[in-house]
$ cat protein.pdb   # PDB, C-alpha atoms
ATOM      1  CA  MET K   9     107.927 -12.879-113.982
ATOM      2  CA  SER K  10     105.452 -15.378-115.411
ATOM      3  CA  SER K  11     107.128 -18.108-113.351
ATOM      4  CA  ASP K  12     106.630 -15.999-110.202
ATOM      5  CA  LEU K  13     102.981 -15.440-111.079
ATOM      6  CA  SER K  14     102.493 -19.103-111.766
ATOM      7  CA  GLY K  15     103.989 -19.968-108.366
ATOM      8  CA  ARG K  16     101.665 -17.534-106.611
ATOM      9  CA  LYS K  17      98.653 -18.960-108.389
ATOM     10  CA  ARG K  18      99.693 -22.452-107.406
ATOM     11  CA  GLY K  19     100.092 -21.344-103.768
ATOM     12  CA  LEU K  20      96.691 -19.668-103.769
ATOM     13  CA  PHE K  21      95.186 -22.784-105.309
ATOM     14  CA  TYR K  22      96.608 -24.977-102.501
ATOM     15  CA  VAL K  23      95.382 -22.554 -99.836
ATOM     16  CA  PHE K  24      91.930 -22.521-101.458
ATOM     17  CA  MET K  25      91.821 -26.328-101.597
ATOM     18  CA  ILE K  26      92.724 -26.540 -97.894
ATOM     19  CA  LEU K  27      90.247 -23.873 -96.824
ATOM     20  CA  LEU K  28      87.354 -25.124 -98.967
ATOM     21  CA  PRO K  29      86.384 -28.093 -96.754
ATOM     22  CA  VAL K  30      86.883 -25.953 -93.629
ATOM     23  CA  VAL K  31      84.579 -23.232 -94.980
ATOM     24  CA  PHE K  32      82.055 -25.856 -96.088
ATOM     25  CA  PHE K  33      82.065 -27.418 -92.615
ATOM     26  CA  LEU K  34      81.632 -24.036 -90.902
ATOM     27  CA  LEU K  35      78.738 -23.137 -93.193
ATOM     28  CA  PHE K  36      77.119 -26.554 -92.733
ATOM     29  CA  GLU K  37      77.559 -26.430 -88.953
ATOM     30  CA  GLY K  38      76.195 -22.875 -88.840
ATOM     31  CA  GLY K  39      73.222 -23.879 -90.978
ATOM     32  CA  LEU K  40      72.357 -26.758 -88.663
ATOM     33  CA  ARG K  41      72.514 -24.478 -85.634
ATOM     34  CA  LEU K  42      70.383 -21.801 -87.306
ATOM     35  CA  ALA K  43      67.851 -24.487 -88.207
ATOM     36  CA  GLY K  44      67.709 -25.517 -84.536
ATOM     37  CA  TYR K  45      69.112 -29.009 -85.078
ATOM     38  CA  GLY K  46      70.717 -30.811 -82.157
ATOM     39  CA  ASP K  47      71.392 -29.645 -78.623
ATOM     40  CA  SER K  48      74.338 -28.973 -76.349
ATOM     41  CA  TYR K  49      72.630 -30.747 -73.412
ATOM     42  CA  PRO K  50      74.256 -28.805 -70.554
ATOM     43  CA  LEU K  51      74.617 -30.724 -67.313
ATOM     44  CA  PHE K  52      72.708 -28.153 -65.269
ATOM     45  CA  VAL K  53      69.768 -25.927 -66.197
ATOM     46  CA  PRO K  54      67.876 -23.216 -64.254
ATOM     47  CA  MET K  55      64.761 -23.997 -62.302
ATOM     48  CA  ASP K  56      61.675 -23.036 -64.330
ATOM     49  CA  ASP K  57      60.396 -20.310 -62.020
ATOM     50  CA  ASN K  58      63.654 -19.367 -60.279
ATOM     51  CA  ALA K  59      66.813 -18.828 -62.339
ATOM     52  CA  ALA K  60      68.849 -18.480 -59.142
ATOM     53  CA  LEU K  61      68.512 -22.240 -58.600
ATOM     54  CA  LEU K  62      69.944 -24.974 -60.832
ATOM     55  CA  HIS K  63      69.242 -28.684 -61.189
ATOM     56  CA  GLN K  64      70.502 -31.462 -63.434
ATOM     57  CA  ASN K  65      69.232 -31.342 -67.005
ATOM     58  CA  PRO K  66      66.793 -34.284 -67.420
ATOM     59  CA  ASP K  67      68.024 -34.708 -71.013
ATOM     60  CA  VAL K  68      71.770 -34.677 -70.352
ATOM     61  CA  ALA K  69      71.977 -38.469 -70.839
ATOM     62  CA  LYS K  70      71.152 -37.917 -74.519
ATOM     63  CA  ARG K  71      74.844 -37.098 -74.881
ATOM     64  CA  TYR K  72      75.508 -40.836 -74.488
ATOM     65  CA  PHE K  73      72.350 -42.710 -75.535
ATOM     66  CA  TYR K  74      71.118 -43.047 -79.121
ATOM     67  CA  GLN K  75      69.682 -46.580 -79.167
ATOM     68  CA  VAL K  76      67.485 -46.090 -76.090
ATOM     69  CA  SER K  77      64.353 -43.941 -76.279
ATOM     70  CA  ASN K  78      63.834 -43.227 -72.584
ATOM     71  CA  VAL K  79      67.154 -42.006 -71.239
ATOM     72  CA  PRO K  80      67.958 -42.272 -67.519
ATOM     73  CA  ARG K  81      67.606 -39.275 -65.224
ATOM     74  CA  SER K  82      69.203 -38.293 -61.975
ATOM     75  CA  LEU K  83      67.758 -37.112 -58.691
ATOM     76  CA  VAL K  84      66.485 -33.546 -58.738
ATOM     77  CA  ASP K  85      68.927 -31.808 -56.404
ATOM     78  CA  TYR K  86      68.599 -28.022 -56.496
ATOM     79  CA  PHE K  87      71.546 -25.769 -55.671
ATOM     80  CA  ASP K  88      72.430 -22.085 -55.897
ATOM     81  CA  ALA K  89      73.643 -20.853 -59.274
ATOM     82  CA  GLU K  90      76.008 -18.524 -57.405
ATOM     83  CA  LYS K  91      77.842 -20.350 -54.654
ATOM     84  CA  GLY K  92      77.724 -18.512 -51.334
ATOM     85  CA  SER K  93      80.807 -17.940 -49.184
ATOM     86  CA  ASN K  94      79.307 -20.095 -46.425
ATOM     87  CA  THR K  95      78.381 -22.994 -48.710
ATOM     88  CA  PHE K  96      80.094 -26.383 -48.696
ATOM     89  CA  ARG K  97      79.328 -28.119 -52.003
ATOM     90  CA  ILE K  98      79.818 -31.793 -52.897
ATOM     91  CA  PHE K  99      79.020 -33.432 -56.226
ATOM     92  CA  VAL K 100      78.339 -37.173 -56.457
ATOM     93  CA  GLN K 101      79.166 -39.144 -59.614
ATOM     94  CA  GLY K 102      78.274 -42.723 -60.480
ATOM     95  CA  GLY K 103      75.661 -45.099 -61.873
ATOM     96  CA  SER K 104      72.331 -46.385 -60.585
ATOM     97  CA  SER K 105      73.784 -47.526 -57.241
ATOM     98  CA  ALA K 106      75.001 -43.990 -56.531
ATOM     99  CA  ALA K 107      71.604 -42.657 -57.634
ATOM    100  CA  GLY K 108      69.927 -44.883 -55.018
ATOM    101  CA  TYR K 109      68.326 -47.509 -57.273
ATOM    102  CA  PRO K 110      65.693 -48.862 -56.802
ATOM    103  CA  PHE K 111      64.510 -46.400 -54.129
ATOM    104  CA  TYR K 112      66.224 -43.252 -55.474
ATOM    105  CA  TYR K 113      64.995 -40.341 -53.325
ATOM    106  CA  GLY K 114      64.616 -42.454 -50.183
ATOM    107  CA  GLY K 115      67.676 -44.618 -50.782
ATOM    108  CA  ALA K 116      70.352 -42.389 -52.292
ATOM    109  CA  PHE K 117      73.326 -42.117 -49.949
ATOM    110  CA  SER K 118      73.840 -38.532 -51.116
ATOM    111  CA  ARG K 119      70.632 -37.482 -49.342
ATOM    112  CA  MET K 120      71.751 -39.219 -46.158
ATOM    113  CA  LEU K 121      75.192 -37.624 -46.425
ATOM    114  CA  GLN K 122      73.662 -34.178 -46.866
ATOM    115  CA  GLN K 123      71.517 -34.589 -43.766
ATOM    116  CA  ARG K 124      74.414 -35.908 -41.696
ATOM    117  CA  LEU K 125      76.750 -33.091 -42.719
ATOM    118  CA  GLN K 126      74.060 -30.459 -42.145
ATOM    119  CA  ARG K 127      73.529 -31.700 -38.590
ATOM    120  CA  THR K 128      77.281 -31.832 -37.968
ATOM    121  CA  PHE K 129      77.862 -28.325 -39.372
ATOM    122  CA  PRO K 130      74.614 -26.419 -38.708
ATOM    123  CA  ASP K 131      76.360 -23.075 -39.284
ATOM    124  CA  ARG K 132      77.225 -23.974 -42.901
ATOM    125  CA  LYS K 133      74.991 -24.406 -45.934
ATOM    126  CA  ILE K 134      75.556 -27.959 -47.178
ATOM    127  CA  GLU K 135      74.842 -28.827 -50.811
ATOM    128  CA  VAL K 136      75.223 -32.437 -51.983
ATOM    129  CA  ILE K 137      74.314 -32.641 -55.667
ATOM    130  CA  ASN K 138      73.847 -36.119 -57.088
ATOM    131  CA  THR K 139      74.635 -36.391 -60.823
ATOM    132  CA  ALA K 140      74.529 -40.222 -60.938
ATOM    133  CA  MET K 141      72.390 -41.985 -63.552
ATOM    134  CA  ALA K 142      71.515 -45.566 -64.418
ATOM    135  CA  ALA K 143      73.455 -47.417 -67.138
ATOM    136  CA  VAL K 144      76.403 -45.011 -67.388
ATOM    137  CA  ASN K 145      80.071 -45.702 -66.780
ATOM    138  CA  SER K 146      83.458 -43.980 -66.627
ATOM    139  CA  PHE K 147      83.026 -42.322 -70.037
ATOM    140  CA  THR K 148      80.088 -40.329 -68.677
ATOM    141  CA  LEU K 149      81.887 -39.481 -65.432
ATOM    142  CA  ARG K 150      84.917 -38.159 -67.292
ATOM    143  CA  ASP K 151      82.796 -36.195 -69.765
ATOM    144  CA  LEU K 152      80.810 -34.463 -66.998
ATOM    145  CA  ALA K 153      83.870 -33.465 -64.969
ATOM    146  CA  LYS K 154      84.363 -30.081 -66.676
ATOM    147  CA  ASP K 155      80.702 -29.184 -66.164
ATOM    148  CA  ILE K 156      80.958 -30.075 -62.479
ATOM    149  CA  ALA K 157      84.225 -28.187 -61.937
ATOM    150  CA  ALA K 158      82.623 -25.013 -63.299
ATOM    151  CA  TYR K 159      80.372 -24.878 -60.217
ATOM    152  CA  LYS K 160      83.219 -24.772 -57.668
ATOM    153  CA  PRO K 161      82.819 -28.037 -55.752
ATOM    154  CA  ASP K 162      84.596 -28.390 -52.423
ATOM    155  CA  ALA K 163      84.784 -32.126 -53.102
ATOM    156  CA  VAL K 164      83.638 -34.807 -55.538
ATOM    157  CA  LEU K 165      82.491 -38.241 -54.384
ATOM    158  CA  ILE K 166      82.687 -41.102 -56.908
ATOM    159  CA  TYR K 167      80.928 -44.443 -56.491
ATOM    160  CA  ALA K 168      81.115 -46.252 -59.820
ATOM    161  CA  GLY K 169      82.315 -49.385 -61.610
ATOM    162  CA  HIS K 170      79.328 -51.740 -61.782
ATOM    163  CA  ASN K 171      78.389 -50.626 -65.305
ATOM    164  CA  GLU K 172      81.816 -50.453 -66.915
ATOM    165  CA  TYR K 173      81.167 -53.081 -69.582
ATOM    166  CA  TYR K 174      77.466 -52.548 -70.303
ATOM    167  CA  GLY K 175      76.998 -48.882 -69.452
ATOM    168  CA  ALA K 176      76.666 -46.381 -72.299
ATOM    169  CA  LEU K 177      79.706 -46.497 -74.640
ATOM    170  CA  GLY K 178      81.221 -49.499 -72.809
ATOM    171  CA  VAL K 179      82.837 -52.313 -74.799
ATOM    172  CA  GLY K 180      79.912 -54.687 -74.198
ATOM    173  CA  SER K 181      77.214 -52.044 -74.663
ATOM    174  CA  ALA K 182      74.730 -51.633 -77.494
ATOM    175  CA  GLU K 183      75.789 -47.974 -77.476
ATOM    176  CA  SER K 184      79.497 -48.754 -77.954
ATOM    177  CA  LEU K 185      81.554 -46.708 -80.427
ATOM    178  CA  GLY K 186      84.408 -49.208 -80.541
ATOM    179  CA  ARG K 187      87.152 -50.578 -78.347
ATOM    180  CA  LEU K 188      89.506 -47.595 -78.217
ATOM    181  CA  PRO K 189      88.839 -45.299 -75.207
ATOM    182  CA  PHE K 190      90.767 -42.511 -76.941
ATOM    183  CA  MET K 191      88.355 -42.485 -79.894
ATOM    184  CA  THR K 192      85.271 -42.540 -77.676
ATOM    185  CA  ASN K 193      86.583 -39.672 -75.544
ATOM    186  CA  LEU K 194      87.446 -37.739 -78.714
ATOM    187  CA  TYR K 195      83.887 -38.247 -79.934
ATOM    188  CA  LEU K 196      82.525 -36.939 -76.624
ATOM    189  CA  ARG K 197      84.658 -33.809 -76.947
ATOM    190  CA  LEU K 198      83.379 -33.246 -80.482
ATOM    191  CA  ARG K 199      79.776 -34.225 -79.728
ATOM    192  CA  PRO K 200      78.570 -30.614 -79.145
ATOM    193  CA  LEU K 201      79.097 -30.039 -82.897
ATOM    194  CA  ARG K 202      75.752 -30.414 -84.676
ATOM    195  CA  THR K 203      77.483 -32.103 -87.623
ATOM    196  CA  VAL K 204      78.811 -34.827 -85.341
ATOM    197  CA  GLN K 205      75.366 -35.261 -83.779
ATOM    198  CA  GLY K 206      73.835 -35.635 -87.231
ATOM    199  CA  VAL K 207      76.342 -38.280 -88.320
ATOM    200  CA  ARG K 208      75.836 -40.193 -85.066
ATOM    201  CA  ALA K 209      72.048 -40.106 -85.471
ATOM    202  CA  VAL K 210      72.275 -41.457 -89.025
ATOM    203  CA  LEU K 211      74.615 -44.271 -87.944
ATOM    204  CA  ALA K 212      72.357 -45.164 -85.015
ATOM    205  CA  GLN K 213      69.305 -45.296 -87.290
ATOM    206  CA  ALA K 214      71.155 -47.454 -89.786
ATOM    207  CA  ALA K 215      72.287 -49.826 -87.031
ATOM    208  CA  GLY K 216      68.673 -50.133 -85.885
ATOM    209  CA  LEU K 217      67.402 -50.928 -89.377
ATOM    210  CA  PHE K 218      70.078 -53.510 -90.094
ATOM    211  CA  GLY K 219      69.385 -55.056 -86.718
ATOM    212  CA  GLY K 220      65.737 -55.569 -87.618
ATOM    213  CA  ARG K 221      64.379 -52.942 -85.225
ATOM    214  CA  SER K 222      63.940 -49.217 -84.946
ATOM    215  CA  ALA K 223      66.195 -47.029 -82.818
ATOM    216  CA  GLY K 224      65.111 -47.132 -79.190
ATOM    217  CA  GLU K 225      63.510 -50.569 -79.451
ATOM    218  CA  LEU K 226      66.186 -52.824 -78.018
ATOM    219  CA  PRO K 227      64.902 -56.055 -76.434
ATOM    220  CA  GLY K 228      64.778 -56.491 -72.688
ATOM    221  CA  ASN K 229      62.846 -55.183 -69.708
ATOM    222  CA  THR K 230      65.260 -53.140 -67.604
ATOM    223  CA  LEU K 231      67.474 -50.405 -68.989
ATOM    224  CA  MET K 232      70.618 -52.442 -68.315
ATOM    225  CA  GLU K 233      69.160 -55.419 -70.209
ATOM    226  CA  ARG K 234      68.448 -53.168 -73.176
ATOM    227  CA  MET K 235      72.027 -51.903 -73.069
ATOM    228  CA  VAL K 236      73.617 -55.337 -73.516
ATOM    229  CA  ALA K 237      75.245 -56.144 -76.857
ATOM    230  CA  GLU K 238      77.878 -58.685 -75.748
ATOM    231  CA  GLN K 239      76.116 -60.941 -73.248
ATOM    232  CA  SER K 240      79.133 -63.190 -72.797
ATOM    233  CA  ILE K 241      82.358 -61.556 -71.569
ATOM    234  CA  ALA K 242      84.586 -64.306 -70.224
ATOM    235  CA  TYR K 243      87.106 -63.673 -67.478
ATOM    236  CA  ASN K 244      90.513 -62.689 -68.928
ATOM    237  CA  SER K 245      89.086 -62.597 -72.470
ATOM    238  CA  ASP K 246      89.997 -59.794 -74.895
ATOM    239  CA  LEU K 247      86.796 -57.871 -74.106
ATOM    240  CA  TYR K 248      87.395 -58.301 -70.391
ATOM    241  CA  THR K 249      90.896 -56.837 -70.719
ATOM    242  CA  ILE K 250      89.683 -53.982 -72.930
ATOM    243  CA  GLY K 251      87.025 -53.131 -70.339
ATOM    244  CA  GLN K 252      89.653 -52.998 -67.615
ATOM    245  CA  ARG K 253      91.834 -50.702 -69.733
ATOM    246  CA  GLN K 254      88.822 -48.510 -70.506
ATOM    247  CA  PHE K 255      88.051 -48.076 -66.795
ATOM    248  CA  GLU K 256      91.683 -47.428 -65.873
ATOM    249  CA  THR K 257      92.185 -44.896 -68.682
ATOM    250  CA  ASN K 258      89.048 -42.938 -67.882
ATOM    251  CA  LEU K 259      89.505 -43.004 -64.119
ATOM    252  CA  ASN K 260      93.105 -41.797 -64.431
ATOM    253  CA  GLY K 261      91.985 -39.002 -66.765
ATOM    254  CA  LEU K 262      89.141 -38.064 -64.420
ATOM    255  CA  LEU K 263      91.359 -37.932 -61.332
ATOM    256  CA  SER K 264      94.089 -36.005 -63.169
ATOM    257  CA  PHE K 265      91.553 -33.402 -64.234
ATOM    258  CA  TYR K 266      90.231 -32.888 -60.705
ATOM    259  CA  GLN K 267      93.754 -32.833 -59.279
ATOM    260  CA  ASN K 268      94.798 -30.118 -61.725
ATOM    261  CA  ALA K 269      91.655 -28.177 -60.799
ATOM    262  CA  GLY K 270      92.495 -28.471 -57.092
ATOM    263  CA  ILE K 271      89.303 -30.408 -56.286
ATOM    264  CA  PRO K 272      89.514 -33.183 -53.640
ATOM    265  CA  VAL K 273      88.046 -36.548 -54.715
ATOM    266  CA  PHE K 274      86.727 -39.397 -52.577
ATOM    267  CA  ILE K 275      86.244 -42.803 -54.238
ATOM    268  CA  GLY K 276      83.948 -45.378 -52.628
ATOM    269  CA  THR K 277      84.793 -49.082 -52.698
ATOM    270  CA  LEU K 278      82.092 -51.004 -54.559
ATOM    271  CA  ALA K 279      79.996 -53.528 -52.680
ATOM    272  CA  SER K 280      79.991 -56.981 -54.276
ATOM    273  CA  ASN K 281      77.102 -59.431 -54.127
ATOM    274  CA  GLU K 282      78.605 -62.760 -55.201
ATOM    275  CA  ARG K 283      75.168 -64.373 -55.409
ATOM    276  CA  PHE K 284      73.865 -61.811 -57.892
ATOM    277  CA  ARG K 285      72.852 -63.558 -61.108
ATOM    278  CA  PRO K 286      74.922 -62.304 -64.094
ATOM    279  CA  PHE K 287      73.617 -62.180 -67.668
ATOM    280  CA  ILE K 288      75.695 -65.231 -68.612
ATOM    281  CA  SER K 289      78.212 -66.887 -66.317
ATOM    282  CA  GLU K 290      81.240 -68.553 -67.866
ATOM    283  CA  VAL K 291      85.026 -68.664 -67.849
ATOM    284  CA  SER K 292      87.358 -68.357 -70.810
ATOM    285  CA  ASP K 293      88.475 -72.008 -70.539
ATOM    286  CA  PRO K 294      85.440 -74.349 -70.924
ATOM    287  CA  ALA K 295      87.320 -77.073 -69.036
ATOM    288  CA  GLN K 296      87.221 -74.883 -65.927
ATOM    289  CA  GLN K 297      83.480 -74.127 -66.133
ATOM    290  CA  ALA K 298      82.328 -77.095 -64.018
ATOM    291  CA  ALA K 299      85.026 -76.448 -61.416
ATOM    292  CA  TRP K 300      84.079 -72.777 -61.208
ATOM    293  CA  LEU K 301      80.403 -73.573 -60.715
ATOM    294  CA  ARG K 302      81.244 -76.170 -58.076
ATOM    295  CA  LEU K 303      83.492 -73.813 -56.123
ATOM    296  CA  SER K 304      81.022 -70.915 -56.360
ATOM    297  CA  GLY K 305      78.210 -73.151 -55.136
ATOM    298  CA  ALA K 306      75.868 -71.783 -57.789
ATOM    299  CA  SER K 307      74.439 -72.880 -61.092
ATOM    300  CA  TYR K 308      73.055 -70.357 -63.568
ATOM    301  CA  GLU K 309      71.845 -72.749 -66.259
TER     302      GLU K 309
END

$ encode --input "protein.pdb" --output "structure tokens"
Amino acid sequence: MSSDLSGRKRGLFYVFMILLPVVFFLLFEGGLRLAGYGDSYPLFVPMDDNAALLHQNPDVAKRYFYQVSNVPRSLVDYFDAEKGSNTFRIFVQGGSSAAGYPFYYGGAFSRMLQQRLQRTFPDRKIEVINTAMAAVNSFTLRDLAKDIAAYKPDAVLIYAGHNEYYGALGVGSAESLGRLPFMTNLYLRLRPLRTVQGVRAVLAQAAGLFGGRSAGELPGNTLMERMVAEQSIAYNSDLYTIGQRQFETNLNGLLSFYQNAGIPVFIGTLASNERFRPFISEVSDPAQQAAWLRLSGASYE
């Protein structure tokens, strides 16, 4: 009988030891939420004076940026919170090129597409909502997919790839969380937890102090310059290969999600300006550097 009792006590003790950290976490998380710490940063928020209309949350990029004070914003495209039966709705995803940089409102192809479709189908209500932002990459696109799918798109148009290495959370970015796409995507799934946000904020502050600067004070003029941590990523180097794998992993996950949701996706081929000056131009084999510069007809020294 005493042996039975002892076994029960031991079992209860193990259960208690397992539940204790879980209960502590729930209480800590609840306390942070009650205290108003952190934010969920939804992708879309209601218009101030008309809740029937939504637009992209100007602070949604805070999901991805901790080292940059002024986070990028998208175009302000309003759309109906409740999609009408006669509405054809397209969401655009991408970086600054998709957002229309440097002209934005006058240069975004999404605005031109909306006008063209509206003229072609005057009997339909056409909504083209641009969610693109500067200095983001495939991690952001994949993270926002669930938010976009919730608003019943008829199609999604993706124009992205320029920022894969230096965009937020990329392998060459000052905002990087490491070189494993799985871990970064796991973090993004857990990021709504206030505890995770608190830990990330502490780590970002510590990184700023050890780097001799405060958070949000990275050197450089443009946002992309401030995002650079690894200026030199040689062709076929380890970082180059990791960046390719990151893009492939995230794009496959993104397309699989939309396919399972029954949402058609159109992917634009990126334009390439071969005369555009990179941060640092080099190849992995120094012996080939002079030959590469000669063949390219350019010198970036």

$ atom_distance --input "protein.pdb" --atom1 "CA of Ala69 in chain K" --atom2 "CA of Gln267 in chain K"
25.3 Å

$ resolve_selection --input "protein.pdb" --expression "the PyMOL selection byres ((chain K and resi 138) around 7)" --output "list in words"
Leu83, Asp85, Phe99, Val100, Gln101, Ala107, Ser118, Val136, Ile137, Thr139 and Ala140 of chain K

$ residues_near_point --input "protein.pdb" --point "(88.4, -30.7, -56.7)" --cutoff "7 Å" --atoms "all atoms listed in the file" --output "number ranges by chain"
K: 161-164, 266-267, 269-273

$ write_last_selection --input "protein.pdb" --atoms "C-alpha atoms" --output "PDB file, in the coordinates of the input"
ATOM      1  CA  PRO K 161      82.819 -28.037 -55.752  1.00  0.00           C
ATOM      2  CA  ASP K 162      84.596 -28.390 -52.423  1.00  0.00           C
ATOM      3  CA  ALA K 163      84.784 -32.126 -53.102  1.00  0.00           C
ATOM      4  CA  VAL K 164      83.638 -34.807 -55.538  1.00  0.00           C
ATOM      5  CA  TYR K 266      90.231 -32.888 -60.705  1.00  0.00           C
ATOM      6  CA  GLN K 267      93.754 -32.833 -59.279  1.00  0.00           C
ATOM      7  CA  ALA K 269      91.655 -28.177 -60.799  1.00  0.00           C
ATOM      8  CA  GLY K 270      92.495 -28.471 -57.092  1.00  0.00           C
ATOM      9  CA  ILE K 271      89.303 -30.408 -56.286  1.00  0.00           C
ATOM     10  CA  PRO K 272      89.514 -33.183 -53.640  1.00  0.00           C
ATOM     11  CA  VAL K 273      88.046 -36.548 -54.715  1.00  0.00           C
TER      12      VAL K 273
END

$ resolve_selection --input "protein.pdb" --expression "the PyMOL selection byres ((chain K and resi 109) around 12)" --output "list in words"
Pro80, Arg81, Ser82, Leu83, Gly102, Gly103, Ser104, Ser105, Ala106, Ala107, Gly108, Pro110, Phe111, Tyr112, Tyr113, Gly114, Gly115, Ala116, Phe117, Ala140, Met141, Ala142 and Ala143 of chain K

$ residues_around --input "protein.pdb" --residues "range 203-206 of chain K" --least-positions-apart "5" --cutoff "12 Å" --atoms "all atoms listed in the file" --output "PyMOL selection string"
chain K and resi 32-41+45-49+70-74+194-198+211-213

$ resolve_selection --input "protein.pdb" --expression "the PyMOL selection byres ((chain K and resi 154) around 12)" --output "NGL selection string"
:K and (50-52 or 148-153 or 155-161 or 197 or 261-266 or 268-269 or 271)

$ residues_around --input "protein.pdb" --residues "Asn145 in chain K" --least-positions-apart "3" --cutoff "6 Å" --atoms "only C-alpha atoms" --output "ChimeraX atom specification"
/K:148,171-172,175

$ closest_residue --input "protein.pdb" --among "K:Tyr173, K:Thr95, K:Val23, K:Arg202" --to "Ala242 in chain K" --atoms "all atoms listed in the file"
K:Tyr173

$ closest_residue --input "protein.pdb" --among "K:Arg253, K:His63, K:Arg119, K:Arg208" --to "Ile134 in chain K" --atoms "only C-alpha atoms"
K:Arg119

$ atom_distance --input "protein.pdb" --atom1 "CA of Tyr86 in chain K" --atom2 "CA of Gln123 in chain K"
14.6 Å
